[in-house]
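What follows is query-v1.txt (compact mmCIF, C-alpha atoms and all ligand atoms).
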# COMPACT_ATOMS: atom_id res chain seq x y z
CA MET S 8 110.07 70.15 105.47
CA THR S 9 110.06 69.26 109.17
CA LEU S 10 107.22 67.18 110.52
CA THR S 11 106.62 66.03 114.07
CA GLY S 12 109.49 63.87 115.23
CA ILE S 13 110.57 63.30 111.66
CA THR S 14 113.22 65.45 110.11
CA VAL S 15 112.69 64.87 106.47
CA ALA S 16 115.71 65.62 104.36
CA PRO S 17 115.50 63.95 100.97
CA SER S 18 118.77 62.16 100.34
CA GLY S 19 118.50 62.10 96.57
CA ARG S 20 119.01 58.34 96.59
CA PRO S 21 116.45 56.51 94.45
CA SER S 22 114.26 54.21 96.57
CA ARG S 23 111.64 51.61 95.76
CA CYS S 24 108.82 53.90 96.93
CA GLY S 25 110.37 56.83 95.11
CA SER S 26 110.00 55.02 91.81
CA VAL S 27 106.44 53.97 92.73
CA LEU S 28 105.62 57.59 93.55
CA SER S 29 106.98 58.84 90.27
CA ARG S 30 104.63 56.46 88.42
CA LEU S 31 101.41 57.58 90.17
CA ARG S 32 98.70 58.69 87.76
CA PRO S 33 96.77 61.66 89.13
CA GLY S 34 93.10 60.95 89.80
CA LEU S 35 93.43 57.17 89.49
CA PRO S 36 93.11 55.07 92.65
CA ILE S 37 96.31 53.24 93.56
CA SER S 38 96.56 49.45 93.72
CA ARG S 39 96.96 47.31 96.83
CA ASP S 40 100.63 46.70 96.07
CA THR S 41 101.30 50.42 95.66
CA ALA S 42 99.43 51.17 98.88
CA LEU S 43 101.48 48.54 100.73
CA CYS S 44 104.68 50.09 99.47
CA LEU S 45 103.65 53.67 100.28
CA ILE S 46 102.31 53.00 103.77
CA ARG S 47 105.77 51.68 104.67
CA CYS S 48 107.71 54.39 102.87
CA SER S 49 110.90 55.84 104.32
CA ASP S 50 111.15 59.30 105.84
CA ASP S 51 113.04 60.28 102.68
CA ASP S 52 110.00 59.42 100.56
CA LEU S 53 107.41 60.88 102.90
CA PRO S 54 107.40 64.44 101.46
CA GLU S 55 106.69 63.10 97.98
CA LEU S 56 103.92 60.84 99.28
CA LEU S 57 102.32 63.78 101.09
CA GLU S 58 102.62 65.98 98.04
CA ALA S 59 100.81 63.37 95.92
CA ALA S 60 98.07 62.99 98.54
CA ARG S 61 97.58 66.73 98.88
CA ALA S 62 97.41 67.11 95.10
CA ALA S 63 94.75 64.38 94.97
CA LYS S 64 92.75 66.20 97.66
CA GLN S 65 92.99 69.44 95.72
CA SER S 66 91.69 67.75 92.56
CA PHE S 67 88.76 66.34 94.55
CA LYS S 68 87.75 69.39 96.62
CA PRO S 69 90.05 72.32 95.96
CA GLY S 70 90.75 75.02 98.49
CA VAL S 71 88.26 74.02 101.18
CA ILE S 72 88.41 72.00 104.39
CA THR S 73 85.10 71.24 106.07
CA TYR S 74 84.00 70.39 109.60
CA SER S 75 80.70 69.67 111.27
CA ARG S 76 79.71 71.84 114.23
CA LYS S 77 78.09 69.39 116.60
CA VAL S 78 76.87 68.49 120.02
CA PHE S 79 77.96 65.12 121.35
CA LEU S 80 75.10 63.18 122.93
CA PRO S 81 76.31 60.10 124.83
CA LEU S 82 72.84 58.54 124.91
CA THR S 83 74.07 55.68 127.09
CA ASN S 84 77.58 54.70 128.05
CA LEU S 85 76.50 51.19 129.02
CA CYS S 86 77.84 48.72 126.49
CA ARG S 87 77.96 44.97 126.16
CA ASP S 88 81.42 45.09 124.56
CA TYR S 89 84.75 45.51 126.34
CA CYS S 90 87.13 47.02 123.77
CA GLY S 91 90.61 47.30 125.26
CA TYR S 92 91.07 50.95 124.25
CA CYS S 93 87.68 52.26 125.38
CA ILE S 94 87.31 54.76 128.19
CA PHE S 95 83.70 55.55 127.30
CA ARG S 96 81.95 52.32 128.25
CA ARG S 97 80.61 51.52 131.71
CA ASP S 98 78.97 48.64 133.52
CA PRO S 99 75.82 49.72 135.40
CA SER S 100 77.68 49.63 138.75
CA ASP S 101 80.59 51.77 137.51
CA PRO S 102 80.89 55.41 138.60
CA GLY S 103 79.60 57.66 135.82
CA ALA S 104 77.30 55.05 134.26
CA HIS S 105 74.50 57.03 132.69
CA THR S 106 71.66 56.93 130.20
CA MET S 107 70.49 60.37 129.15
CA THR S 108 66.84 61.28 129.69
CA PRO S 109 64.84 62.88 126.87
CA GLU S 110 65.02 66.18 128.78
CA GLU S 111 68.82 65.99 128.93
CA VAL S 112 69.00 65.20 125.21
CA LEU S 113 66.80 68.14 124.33
CA ASN S 114 68.60 70.55 126.66
CA VAL S 115 72.00 69.79 125.13
CA ALA S 116 70.59 70.00 121.59
CA ARG S 117 68.99 73.38 122.36
CA GLU S 118 72.23 74.71 123.84
CA GLY S 119 74.02 73.55 120.70
CA GLU S 120 71.45 75.27 118.54
CA LYS S 121 72.30 78.58 120.23
CA LEU S 122 75.94 78.01 119.24
CA SER S 123 75.05 77.37 115.57
CA CYS S 124 75.61 73.62 115.78
CA THR S 125 73.96 71.64 113.01
CA GLU S 126 74.79 68.05 114.04
CA ALA S 127 73.48 66.00 116.96
CA LEU S 128 75.97 63.14 117.20
CA PHE S 129 74.44 60.25 119.12
CA SER S 130 77.17 57.98 120.45
CA LEU S 131 76.25 54.97 122.54
CA GLY S 132 77.26 51.53 123.66
CA ASP S 133 76.17 48.54 121.61
CA LYS S 134 72.97 46.78 122.81
CA PRO S 135 73.61 47.09 126.57
CA GLU S 136 70.19 45.66 127.40
CA LEU S 137 71.33 42.24 126.14
CA LEU S 138 73.82 42.06 129.01
CA PHE S 139 72.45 44.26 131.78
CA SER S 140 69.07 43.94 133.50
CA GLU S 141 69.58 47.51 134.77
CA MET S 142 69.43 48.78 131.18
CA ARG S 143 66.32 46.73 130.50
CA GLU S 144 64.76 48.37 133.55
CA THR S 145 65.85 51.86 132.42
CA LEU S 146 64.32 51.29 129.00
CA ARG S 147 61.11 49.92 130.52
CA HIS S 148 60.90 53.01 132.71
CA LEU S 149 61.45 55.28 129.68
CA GLY S 150 58.86 53.31 127.71
CA TYR S 151 61.02 51.67 125.03
CA LYS S 152 61.64 48.06 124.05
CA SER S 153 65.35 48.45 123.23
CA THR S 154 68.19 50.95 123.08
CA LEU S 155 67.61 51.30 119.34
CA HIS S 156 63.91 52.10 119.86
CA TYR S 157 64.98 54.77 122.36
CA LEU S 158 67.63 56.12 119.98
CA GLU S 159 65.09 56.36 117.17
CA ALA S 160 62.73 58.33 119.40
CA MET S 161 65.52 60.69 120.53
CA CYS S 162 66.62 61.31 116.93
CA GLU S 163 63.03 62.15 116.07
CA LEU S 164 62.72 64.41 119.12
CA VAL S 165 65.84 66.40 118.18
CA LEU S 166 64.76 66.57 114.55
CA ARG S 167 61.28 67.78 115.44
CA GLU S 168 62.14 70.21 118.23
CA THR S 169 65.42 71.76 117.07
CA SER S 170 67.28 72.69 113.89
CA LEU S 171 69.95 70.03 114.55
CA LEU S 172 70.27 66.99 112.32
CA PRO S 173 70.88 63.64 114.03
CA HIS S 174 73.86 61.44 113.15
CA PRO S 175 73.61 58.19 115.15
CA ASN S 176 76.54 55.84 115.84
CA PRO S 177 74.78 52.93 117.53
CA GLY S 178 76.98 49.97 116.52
CA LEU S 179 75.80 47.02 114.47
CA LEU S 180 72.46 47.48 112.71
CA SER S 181 70.05 45.15 110.94
CA ALA S 182 68.47 46.04 107.61
CA GLU S 183 65.28 46.98 109.43
CA TRP S 184 67.06 49.34 111.83
CA ILE S 185 69.04 51.03 109.08
CA ALA S 186 65.74 51.75 107.34
CA ARG S 187 64.10 53.01 110.53
CA LEU S 188 66.96 55.27 111.58
CA SER S 189 67.36 56.64 108.06
CA ARG S 190 63.89 58.18 108.40
CA VAL S 191 65.08 60.35 111.30
CA SER S 192 68.73 61.00 110.38
CA PRO S 193 70.34 62.01 107.09
CA SER S 194 73.46 59.88 107.70
CA MET S 195 74.83 57.47 110.26
CA GLY S 196 78.12 55.88 111.16
CA LEU S 197 79.90 52.68 112.07
CA MET S 198 83.68 52.48 112.26
CA LEU S 199 84.90 49.32 110.60
CA GLU S 200 88.10 49.84 112.67
CA THR S 201 89.95 46.84 111.23
CA THR S 202 89.45 43.70 109.21
CA ASN S 203 91.97 41.80 111.36
CA VAL S 204 90.14 38.98 113.15
CA GLU S 205 93.23 38.26 115.25
CA LEU S 206 92.29 41.27 117.38
CA LEU S 207 89.34 39.23 118.74
CA ARG S 208 91.71 36.82 120.46
CA PRO S 209 92.15 36.78 124.26
CA GLY S 210 94.13 39.78 125.44
CA ALA S 211 93.84 41.63 122.11
CA ALA S 212 91.98 44.91 121.53
CA HIS S 213 88.66 43.28 120.60
CA ASP S 214 88.73 40.44 123.09
CA ASN S 215 85.21 40.19 124.59
CA ALA S 216 83.77 42.60 122.02
CA PRO S 217 81.24 40.51 120.06
CA ASP S 218 80.11 43.51 118.01
CA LYS S 219 83.63 44.09 116.67
CA VAL S 220 83.70 40.96 114.48
CA PRO S 221 84.79 42.47 111.14
CA ALA S 222 82.37 40.35 109.07
CA LYS S 223 79.42 41.62 111.11
CA ARG S 224 80.49 45.23 110.69
CA LEU S 225 80.98 44.74 106.97
CA ARG S 226 77.45 43.32 106.80
CA THR S 227 76.00 46.47 108.39
CA LEU S 228 78.00 48.66 106.00
CA GLU S 229 76.85 46.57 103.06
CA GLU S 230 73.21 46.72 104.11
CA ALA S 231 73.48 50.50 104.38
CA GLY S 232 74.85 50.48 100.84
CA LYS S 233 71.93 48.43 99.55
CA GLN S 234 69.58 51.01 101.09
CA LYS S 235 71.70 53.91 99.77
CA VAL S 236 72.10 55.43 103.23
CA PRO S 237 75.05 57.87 103.42
CA PHE S 238 77.44 56.21 105.82
CA THR S 239 80.52 57.26 107.73
CA THR S 240 83.10 54.61 108.50
CA GLY S 241 86.82 54.36 108.98
CA LEU S 242 89.75 52.65 110.58
CA LEU S 243 91.37 52.84 113.98
CA ILE S 244 95.14 52.58 113.82
CA GLY S 245 97.51 51.44 116.53
CA ILE S 246 95.37 48.75 118.20
CA GLY S 247 97.54 45.81 117.26
CA GLU S 248 97.04 45.70 113.51
CA SER S 249 99.80 45.69 110.90
CA THR S 250 100.35 48.12 108.05
CA GLU S 251 99.02 45.37 105.78
CA ASP S 252 95.83 45.27 107.87
CA ARG S 253 95.46 49.03 107.49
CA VAL S 254 95.60 48.71 103.72
CA GLY S 255 93.24 45.70 103.86
CA THR S 256 90.72 47.69 105.91
CA LEU S 257 90.89 50.64 103.52
CA LEU S 258 90.43 48.29 100.57
CA ALA S 259 87.38 46.68 102.19
CA ILE S 260 85.86 50.15 102.55
CA ARG S 261 86.78 51.06 98.98
CA ASN S 262 85.25 47.84 97.73
CA LEU S 263 81.95 48.63 99.47
CA HIS S 264 81.95 52.14 98.08
CA GLU S 265 82.65 50.90 94.56
CA ARG S 266 79.66 48.57 94.81
CA TYR S 267 77.16 50.90 96.48
CA GLY S 268 78.54 54.46 96.36
CA HIS S 269 77.33 55.25 99.89
CA ILE S 270 80.50 55.82 101.92
CA GLN S 271 80.24 59.53 102.61
CA GLU S 272 83.49 59.73 104.56
CA VAL S 273 86.37 57.63 105.80
CA ILE S 274 87.79 58.51 109.19
CA VAL S 275 91.41 57.70 109.96
CA GLN S 276 91.53 57.65 113.75
CA ASN S 277 94.66 57.09 115.81
CA PHE S 278 94.62 55.22 119.11
CA ARG S 279 95.50 57.45 122.07
CA VAL S 280 96.50 55.80 125.30
CA LYS S 281 94.72 56.51 128.60
CA PRO S 282 95.90 55.45 132.06
CA THR S 283 92.74 53.55 133.04
CA ILE S 284 92.07 51.44 129.94
CA PRO S 285 93.08 47.77 129.57
CA MET S 286 95.54 48.88 126.84
CA ALA S 287 97.18 51.46 129.15
CA GLY S 288 100.66 50.10 128.41
CA TRP S 289 100.15 50.05 124.66
CA PRO S 290 102.31 52.28 122.43
CA GLU S 291 100.53 54.95 120.42
CA PRO S 292 100.99 55.08 116.65
CA SER S 293 103.43 57.80 115.66
CA GLN S 294 102.46 60.91 113.74
CA GLY S 295 104.49 59.49 110.86
CA GLU S 296 102.29 56.38 110.79
CA MET S 297 99.21 58.56 110.91
CA LEU S 298 100.38 60.74 108.01
CA ARG S 299 101.27 57.71 105.89
CA THR S 300 97.87 56.08 106.57
CA VAL S 301 95.92 59.24 105.76
CA ALA S 302 97.92 59.79 102.57
CA VAL S 303 97.41 56.21 101.43
CA ALA S 304 93.68 56.44 102.22
CA ARG S 305 93.50 59.54 100.01
CA LEU S 306 95.36 57.84 97.15
CA LEU S 307 93.28 54.65 97.42
CA MET S 308 90.07 56.70 97.38
CA PRO S 309 90.85 59.97 95.60
CA ASN S 310 87.18 60.94 95.37
CA VAL S 311 86.00 60.05 98.86
CA ASN S 312 85.90 62.42 101.83
CA ILE S 313 88.81 61.63 104.15
CA GLN S 314 88.67 62.87 107.71
CA ALA S 315 91.04 62.83 110.67
CA PRO S 316 90.19 64.28 114.09
CA PRO S 317 92.43 67.24 114.94
CA ASN S 318 92.30 66.74 118.70
CA LEU S 319 93.95 63.31 118.40
CA SER S 320 96.95 64.81 116.57
CA ALA S 321 97.27 67.99 118.64
CA PRO S 322 99.35 70.08 118.83
CA TYR S 323 100.56 69.27 115.30
CA TYR S 324 97.19 68.59 113.70
CA GLU S 325 97.67 70.87 110.70
CA GLU S 326 100.20 68.34 109.38
CA LEU S 327 97.15 66.23 108.47
CA LEU S 328 96.36 68.84 105.82
CA TYR S 329 99.59 67.81 104.10
CA ALA S 330 98.40 64.21 104.00
CA GLY S 331 95.24 64.88 101.98
CA ILE S 332 92.34 65.13 104.43
CA ASN S 333 89.45 67.33 103.33
CA ASP S 334 87.53 67.33 106.61
CA TRP S 335 88.19 67.76 110.33
CA GLY S 336 85.09 65.85 111.40
CA GLY S 337 82.76 66.86 114.17
CA ILE S 338 83.94 69.68 116.42
CA SER S 339 81.86 70.84 119.36
CA PRO S 340 81.91 74.28 120.92
CA LEU S 341 79.79 72.86 123.76
CA THR S 342 80.35 69.22 124.65
CA PRO S 343 83.59 67.25 125.24
CA ASP S 344 84.87 64.36 123.14
CA TYR S 345 83.52 61.62 125.41
CA ILE S 346 85.56 59.01 123.53
CA ASN S 347 88.85 60.87 124.14
CA PRO S 348 87.97 63.21 127.02
CA GLU S 349 91.63 64.03 127.72
CA LYS S 350 91.97 65.49 124.20
CA PRO S 351 89.84 68.64 123.91
CA TRP S 352 88.75 69.75 120.48
CA PRO S 353 90.57 72.84 119.26
CA HIS S 354 88.74 76.12 119.61
CA LEU S 355 87.00 76.84 116.32
CA ASP S 356 88.82 80.17 115.93
CA GLN S 357 92.15 78.36 116.27
CA LEU S 358 91.08 75.66 113.83
CA ARG S 359 90.11 78.32 111.32
CA LEU S 360 93.38 80.22 111.75
CA ARG S 361 95.53 77.15 111.36
CA THR S 362 93.51 75.82 108.42
CA GLU S 363 93.68 79.17 106.63
CA ALA S 364 97.38 79.59 107.39
CA ASN S 365 97.88 76.43 105.32
CA GLY S 366 95.99 77.80 102.35
CA PHE S 367 92.47 76.42 102.87
CA LYS S 368 89.11 77.99 103.60
CA LEU S 369 87.27 76.39 106.54
CA ARG S 370 83.56 75.72 105.94
CA GLN S 371 80.88 74.25 108.15
CA ARG S 372 79.10 71.27 106.64
CA LEU S 373 76.04 69.31 107.71
CA PRO S 374 76.31 65.74 109.04
CA VAL S 375 75.52 64.63 105.51
CA TYR S 376 78.02 65.69 102.84
CA PRO S 377 76.81 67.88 99.93
CA GLU S 378 77.13 65.17 97.29
CA PHE S 379 74.79 62.87 99.27
CA LEU S 380 72.13 65.47 100.01
CA PRO S 381 69.99 65.10 96.88
CA GLY S 382 69.28 61.42 97.59
CA VAL S 383 68.23 62.12 101.17
CA MET S 384 66.23 65.23 100.33
CA ALA S 385 64.34 63.45 97.56
CA LYS S 386 62.20 61.67 100.18
CA PRO S 387 59.51 64.11 101.33
CA GLY S 388 58.91 64.50 105.05
CA LEU S 389 60.27 66.11 108.20
CA LEU S 390 63.88 65.14 107.52
CA SER S 391 63.81 66.65 104.05
CA ASP S 392 62.12 69.81 105.37
CA LYS S 393 64.78 70.23 108.05
CA LEU S 394 67.57 69.71 105.52
CA HIS S 395 66.06 72.32 103.22
CA ALA S 396 66.10 74.78 106.11
CA ALA S 397 69.72 73.99 107.08
CA VAL S 398 71.51 73.85 103.74
CA ASP S 399 73.05 76.62 101.63
CA ASN S 400 73.35 76.68 97.85
CA GLN S 401 76.62 74.71 97.98
CA GLY S 402 75.20 71.92 100.09
CA LEU S 403 76.98 73.20 103.21
CA ALA S 404 75.59 74.62 106.45
CA ARG S 405 73.53 77.74 105.96
CA ARG S 406 74.13 79.25 109.39
CA ALA S 407 77.66 80.14 110.52
CA ALA S 408 80.51 80.03 108.01
S1 LIG S 501 84.43 51.22 121.70
FE1 LIG S 501 82.18 51.18 121.50
S2 LIG S 501 81.68 49.00 121.36
FE2 LIG S 501 83.77 49.12 122.21
S3 LIG S 501 83.46 49.12 124.43
FE3 LIG S 501 83.53 51.25 123.79
S4 LIG S 501 81.40 51.83 123.51
FE4 LIG S 501 81.48 49.60 123.52
Can the structure in the file be given as C-alpha cells, please?
Amino acid sequence: MTLTGITVAPSGRPSRCGSVLSRLRPGLPISRDTALCLIRCSDDDLPELLEAARAAKQSFKPGVITYSRKVFLPLTNLCRDYCGYCIFRRDPSDPGAHTMTPEEVLNVAREGEKLSCTEALFSLGDKPELLFSEMRETLRHLGYKSTLHYLEAMCELVLRETSLLPHPNPGLLSAEWIARLSRVSPSMGLMLETTNVELLRPGAAHDNAPDKVPAKRLRTLEEAGKQKVPFTTGLLIGIGESTEDRVGTLLAIRNLHERYGHIQEVIVQNFRVKPTIPMAGWPEPSQGEMLRTVAVARLLMPNVNIQAPPNLSAPYYEELLYAGINDWGGISPLTPDYINPEKPWPHLDQLRLRTEANGFKLRQRLPVYPEFLPGVMAKPGLLSDKLHAAVDNQGLARRAA
C-alpha cells in the first residue's frame, strides 16, 4: 500500500507495535498504553494499524460514510481570544470584521435550503462583547444583551423559518446556556482541542486565549453530558502538543462519554498553516500523523462517530477512510470554510465518487446523529416537529441522498 509521502513496505521484522497489534481484541477499546504505542508506530506497522481501525469502523457502522450538508454562518468573527492558528477572528478595527444581521442569516439559510442543506452551522468568536465596546454597541442596536442571546434568537429564527437545523459552536457555555440553546438546536459543539495546559504559555498556540483553558472546556462538555445534550468535540493536532497529549485528549473525551454517553462525534482536525497567522512558520502535522491519530481515536472509541474534514487532507483525503472514520463532517455546497478559507470543501459529486470507489455508500445525515435522535425528539415542540420533518426511517436526512 502506498500512502501520501509514506511508502509502506512491511519488512517482516517483528516490532513492538506489531505484537501489540496482533493482540488487539475486536470491539474492545484499547488501553492508554496501547494507544501510546500505536500512535507512534513505524511505517512498517502502519498498514496493520489502519486495517484494525477500518475493521473496527466496519463493525460499528458497516458500509456507510456520512456527511452533513450545511451552510456555514459566521455569526460574528469578533472574538476575545487570540489563538495562534486562527485566521477567522477579527478585532473590530480589522478589515473584514463583521457580525451578521438577522436578514443575512436568513438569506444564507434559505439559499442553503434550496440546495438541500439540513444543517445551519453557527460559528462565532467567544464572548467578544467582554472585550470590545463595538460589539456591545452592535448587540444593543440589534436588541440583545449578549452574543449568546443573539445566537439563541438566530437559531430560533432559522428553525422557525426554514427546514434547516441549527448546530451552534459558540465556545464555552454555562449550564444555563446549554439548556437554552438545546431548546433551539438538536446538537452543539465545542472542540476540546487539547488537554495540554502548556499551550497557554506565552508564545504558544493558546497564549492570550482565556477560553482555551482545558479545564474550562472539559467543564462545558461535562455539563452538556449532565443535560444529555448530543455534543460534538474533538482534538486539533499539530499546534505544539505531543503524541502523548493527543492520546490524553482522546482519553479525556472517552472518559466523558463513558460517564454521560453524550459525545455524538469526535473530530480529528489537523492544523493547516496560513501566511497571516501568528503560527505562520509552524510545521503542519504530516498525513502519517493524521492517519495514526484517527486510527487510534477509532480504536480507543470503537463505538463513537469519528470524523475528519476532507478539505484539510486534500488531495489525499480518501486515505482517512483507511484509518477508520465514519463521517466527513459538514460539507457546504454554498458557503466557504471560514476557518480554513484556503481549503475549499470537495464538490459533493467528487466526495461521493471517491467514497464509493473505496467501498462505502455516502449518506447525508442531520446535525444530530441517528442514535441521538430519540432523546432529542422525545421533547415535544418546534425542534421535535422540525426533526420529524427532516428525518428518514434510518435517522438520516430525508431529502437528498
Ligand atoms: S479559534 Fe475560536 S476562540 Fe480561538 S481566536 Fe479563533 S474564533 Fe477565537
Expressed in Å to a single decimal, how great is the separation between CA of Asn310 in chain S and CA of Arg61 in chain S? 12.4 Å
Contacts with ligand LIG 501 (chain S) at most 7 Å, all atoms listed in the file counted, listed as a VMD selection string: chain S and resid 84 86 to 90 93 to 96 131 to 133 178 216 218
Which one of S:Leu56, S:Leu137, S:Ile338, S:Leu306 sits closest to Pro353 in chain S if you count all atoms listed in the file? S:Ile338
Skipping near chain neighbours, those fewer than 4 positions away, what residues fall within 10 Å of range 391-398 of chain S using only C-alpha atoms, listed as a PyMOL selection string? chain S and resi 125+166-167+169-172+190-193+372-373+375+377+380-387+402-406
Top pick for closest residue to Ile313 in chain S, considering S:Ser38, S:Thr202, S:Thr73, S:Ser123 and counting all atoms listed in the file: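 Result for the nearest residue to Ile313 in chain S: S:Thr73.
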Between S:Phe238, S:Phe139, S:Trp352, S:Tyr267, which has the minimum distance to Leu85 in chain S (counting all atoms listed in the file)?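 Among the listed residues, the smallest separation from Leu85 in chain S belongs to S:Phe139.
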Axis-aligned box over every listed atom of range 39-45 of chain S, padded by 8 Å per side: centre and edges in Å to one decimal, as AutoDock Vina command-line options?
--center_x 100.8 --center_y 50.2 --center_z 98.2 --size_x 23.7 --size_y 23.0 --size_z 21.1
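Among the candidates S:Leu389, S:Ala259, S:Leu57, S:Ile37, the one nearest to Glu326 in chain S when counting all atoms listed in the file is S:Leu57.
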In Å, how far is it from CA of Leu43 in chain S to CA of Asn333 in chain S? 22.5 Å
Which residues are close to Ile332 in chain S, i.e. within 9 Å by all atoms listed in the file, leaving aside same-chain residues fewer than 4 positions away? Reply as a count of residues only. 13
Find the spatial neighbours of Lys223 in chain S, counting all atoms listed in the file, within a cut-off of 12 Å - ignore same-chain residues fewer than 5 positions away - and output them as JSON, numbers by chain. {"S": [178, 179, 180, 181, 197, 198, 199, 201, 202, 204, 216, 217, 218, 228, 229, 230]}
Please, what distance in Å, to one decimal, runs between CA of Val273 in chain S and CA of Gly119 in chain S?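 If I compute the distance from CA of Val273 in chain S to CA of Gly119 in chain S, I get 25.1 Å.
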Would you mind telling me which residue in S:Gly247, S:Pro374, S:Pro290, S:Pro237 lies nearest to Ile185 in chain S when using only C-alpha atoms?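 Looking at the shortest contact to Ile185 in chain S, the residue is S:Pro237.
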Proximity to Leu298 in chain S - best of S:Asn277, S:Gln357, S:Asn318, S:Thr83, all atoms listed in the file: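 Once distances to Leu298 in chain S are computed over all atoms listed in the file, the minimum belongs to S:Asn277.
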Within 8 Å of Lys368 in chain S, counting only C-alpha atoms, which residues show up once you throw out same-chain ones fewer than 5 positions away? Write them as an NGL selection string, please. :S and (70-72 or 359 or 362-363)
Give as a list in words every residue, naming chains and numbers as the document does, that has an atom within 6 Å of (103.9, 68.6, 102.3), counting only C-alpha atoms.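 Final list of nearby residues, as requested, is Pro54, Leu57, Glu58 and Tyr329 of chain S.
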Taking 6 positions as the minimum chain separation for residues in the same chain, which residues sit within 10 Å of Leu164 in chain S when counting all atoms listed in the file? Answer as a PDB file with C-alpha atoms, in the coordinates of the input.
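Contents of out_2.pdb, as written:
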ATOM      1  CA  PRO S 109      64.840  62.880 126.870  1.00  0.00           C
ATOM      2  CA  VAL S 112      69.000  65.200 125.210  1.00  0.00           C
ATOM      3  CA  LEU S 113      66.800  68.140 124.330  1.00  0.00           C
ATOM      4  CA  ALA S 116      70.590  70.000 121.590  1.00  0.00           C
ATOM      5  CA  LEU S 158      67.630  56.120 119.980  1.00  0.00           C
ATOM      6  CA  PRO S 173      70.880  63.640 114.030  1.00  0.00           C
ATOM      7  CA  VAL S 191      65.080  60.350 111.300  1.00  0.00           C
TER       8      VAL S 191
END
